[in-house]
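Okay, so here's the structure we're looking at.
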Amino acid sequence: MARAMFEYTKTVLQKVSFDVNLFCKEVKKAMKRLLPYEIEELRIFIQSLIQQNPDLQQSLVYLKS
């Protein structure tokens, strides 16, 4: 079940990556519902999205715990 949430989060983040504010809001939500090891995987995933859209760089602030 938790893995399904991680995959769902990745899908949502891909769909909202056009809007930095919305993207950051979704990253904050993901931090509340994902497991610690999934957050690390999410960081890697977001870094790949940042390669395509550098404006998303500011979302990394929410991944620091």
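The chains in the structure tokens are called A, B, ... from first to last as shown; in each chain the residues are counted from 1, and the ligands are counted from 1 in the order shown.
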Can I get the residues of range 8-45 of chain A within 12 Å of range 52-59 of chain A, each with the closest pair of atoms and their distance in Å to one decimal, using only C-alpha atoms, sorted chain first then ascending number, as a Markdown table?
```
| residue | atom | partner | partner_atom | distance |
| --- | --- | --- | --- | --- |
| A:Leu13 | CA | A:Leu56 | CA | 10.6 |
| A:Gln14 | CA | A:Asn53 | CA | 10.9 |
| A:Val16 | CA | A:Leu56 | CA | 10.6 |
| A:Ser17 | CA | A:Leu56 | CA | 7.5 |
| A:Phe18 | CA | A:Asn53 | CA | 8.2 |
| A:Asp19 | CA | A:Leu56 | CA | 8.5 |
| A:Val20 | CA | A:Leu56 | CA | 5.8 |
| A:Asn21 | CA | A:Ser59 | CA | 8.7 |
| A:Leu22 | CA | A:Ser59 | CA | 10.1 |
| A:Phe23 | CA | A:Ser59 | CA | 7.3 |
| A:Cys24 | CA | A:Ser59 | CA | 5.1 |
| A:Lys25 | CA | A:Ser59 | CA | 8.7 |
| A:Glu26 | CA | A:Ser59 | CA | 9.5 |
| A:Val27 | CA | A:Ser59 | CA | 7.0 |
| A:Lys28 | CA | A:Ser59 | CA | 8.7 |
| A:Lys29 | CA | A:Ser59 | CA | 11.9 |
| A:Ala30 | CA | A:Ser59 | CA | 11.7 |
| A:Met31 | CA | A:Ser59 | CA | 11.5 |
| A:Leu42 | CA | A:Ser59 | CA | 11.4 |
| A:Arg43 | CA | A:Ser59 | CA | 9.7 |
| A:Phe45 | CA | A:Gln52 | CA | 11.6 |
```
>> Give me, as a VMD selection string, all polymer residues having an atom no more than 9 Å from Leu34 in chain A, counting only C-alpha atoms and skipping those fewer than 2 positions away in the same chain.
In response: chain A and resid 2 to 3 5 to 6 9 29 to 32 36 to 39
Okay, now the selection with N, CA and C atoms, as a PDB file, in the first residue's frame?
```
ATOM      1  N   ALA A   2       1.911   1.263   0.826  1.00  0.00           N
ATOM      2  CA  ALA A   2       2.774   2.439   0.898  1.00  0.00           C
ATOM      3  C   ALA A   2       3.461   2.669  -0.449  1.00  0.00           C
ATOM      4  N   ARG A   3       3.834   1.612  -1.117  1.00  0.00           N
ATOM      5  CA  ARG A   3       4.498   1.758  -2.419  1.00  0.00           C
ATOM      6  C   ARG A   3       3.544   2.394  -3.418  1.00  0.00           C
ATOM      7  N   MET A   5       1.322   4.573  -2.728  1.00  0.00           N
ATOM      8  CA  MET A   5       1.283   6.001  -2.413  1.00  0.00           C
ATOM      9  C   MET A   5       2.489   6.716  -3.018  1.00  0.00           C
ATOM     10  N   PHE A   6       3.640   6.078  -3.003  1.00  0.00           N
ATOM     11  CA  PHE A   6       4.835   6.667  -3.587  1.00  0.00           C
ATOM     12  C   PHE A   6       4.653   6.838  -5.094  1.00  0.00           C
ATOM     13  N   THR A   9       2.257   9.643  -5.762  1.00  0.00           N
ATOM     14  CA  THR A   9       2.915  10.936  -5.520  1.00  0.00           C
ATOM     15  C   THR A   9       3.775  11.327  -6.714  1.00  0.00           C
ATOM     16  N   LYS A  29       2.906  17.886   0.994  1.00  0.00           N
ATOM     17  CA  LYS A  29       1.950  16.816   1.303  1.00  0.00           C
ATOM     18  C   LYS A  29       2.655  15.458   1.303  1.00  0.00           C
ATOM     19  N   ALA A  30       3.525  15.261   0.331  1.00  0.00           N
ATOM     20  CA  ALA A  30       4.225  13.983   0.213  1.00  0.00           C
ATOM     21  C   ALA A  30       5.091  13.723   1.442  1.00  0.00           C
ATOM     22  N   MET A  31       5.676  14.764   1.985  1.00  0.00           N
ATOM     23  CA  MET A  31       6.536  14.605   3.164  1.00  0.00           C
ATOM     24  C   MET A  31       5.753  14.050   4.352  1.00  0.00           C
ATOM     25  N   LYS A  32       4.471  14.330   4.417  1.00  0.00           N
ATOM     26  CA  LYS A  32       3.639  13.858   5.528  1.00  0.00           C
ATOM     27  C   LYS A  32       3.214  12.400   5.367  1.00  0.00           C
ATOM     28  N   PRO A  36      10.269   7.247   5.402  1.00  0.00           N
ATOM     29  CA  PRO A  36      11.597   7.891   5.288  1.00  0.00           C
ATOM     30  C   PRO A  36      12.420   7.433   4.085  1.00  0.00           C
ATOM     31  N   TYR A  37      12.440   6.145   3.795  1.00  0.00           N
ATOM     32  CA  TYR A  37      13.236   5.689   2.649  1.00  0.00           C
ATOM     33  C   TYR A  37      12.602   6.135   1.333  1.00  0.00           C
ATOM     34  N   GLU A  38      11.283   6.311   1.314  1.00  0.00           N
ATOM     35  CA  GLU A  38      10.614   6.791   0.112  1.00  0.00           C
ATOM     36  C   GLU A  38      10.910   8.270  -0.124  1.00  0.00           C
ATOM     37  N   ILE A  39      11.105   9.008   0.940  1.00  0.00           N
ATOM     38  CA  ILE A  39      11.440  10.426   0.808  1.00  0.00           C
ATOM     39  C   ILE A  39      12.797  10.567   0.112  1.00  0.00           C
TER      40      ILE A  39
END
```
> DSSP on the backbone: what in chain A comes out alpha helix (DSSP H), as a ChimeraX atom specification?
Replying inline: /A:2-15,20-33,36-52
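CA of Ile50 in chain A sits 22.0 Å away from CA of Arg33 in chain A.
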> Quick one: of A:Leu35, A:Ile46, A:Glu40, A:Val61, who's nearest to Val12 in chain A, counting only C-alpha atoms?
Replying inline: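 Looking at the shortest contact to Val12 in chain A, the residue is A:Ile46.
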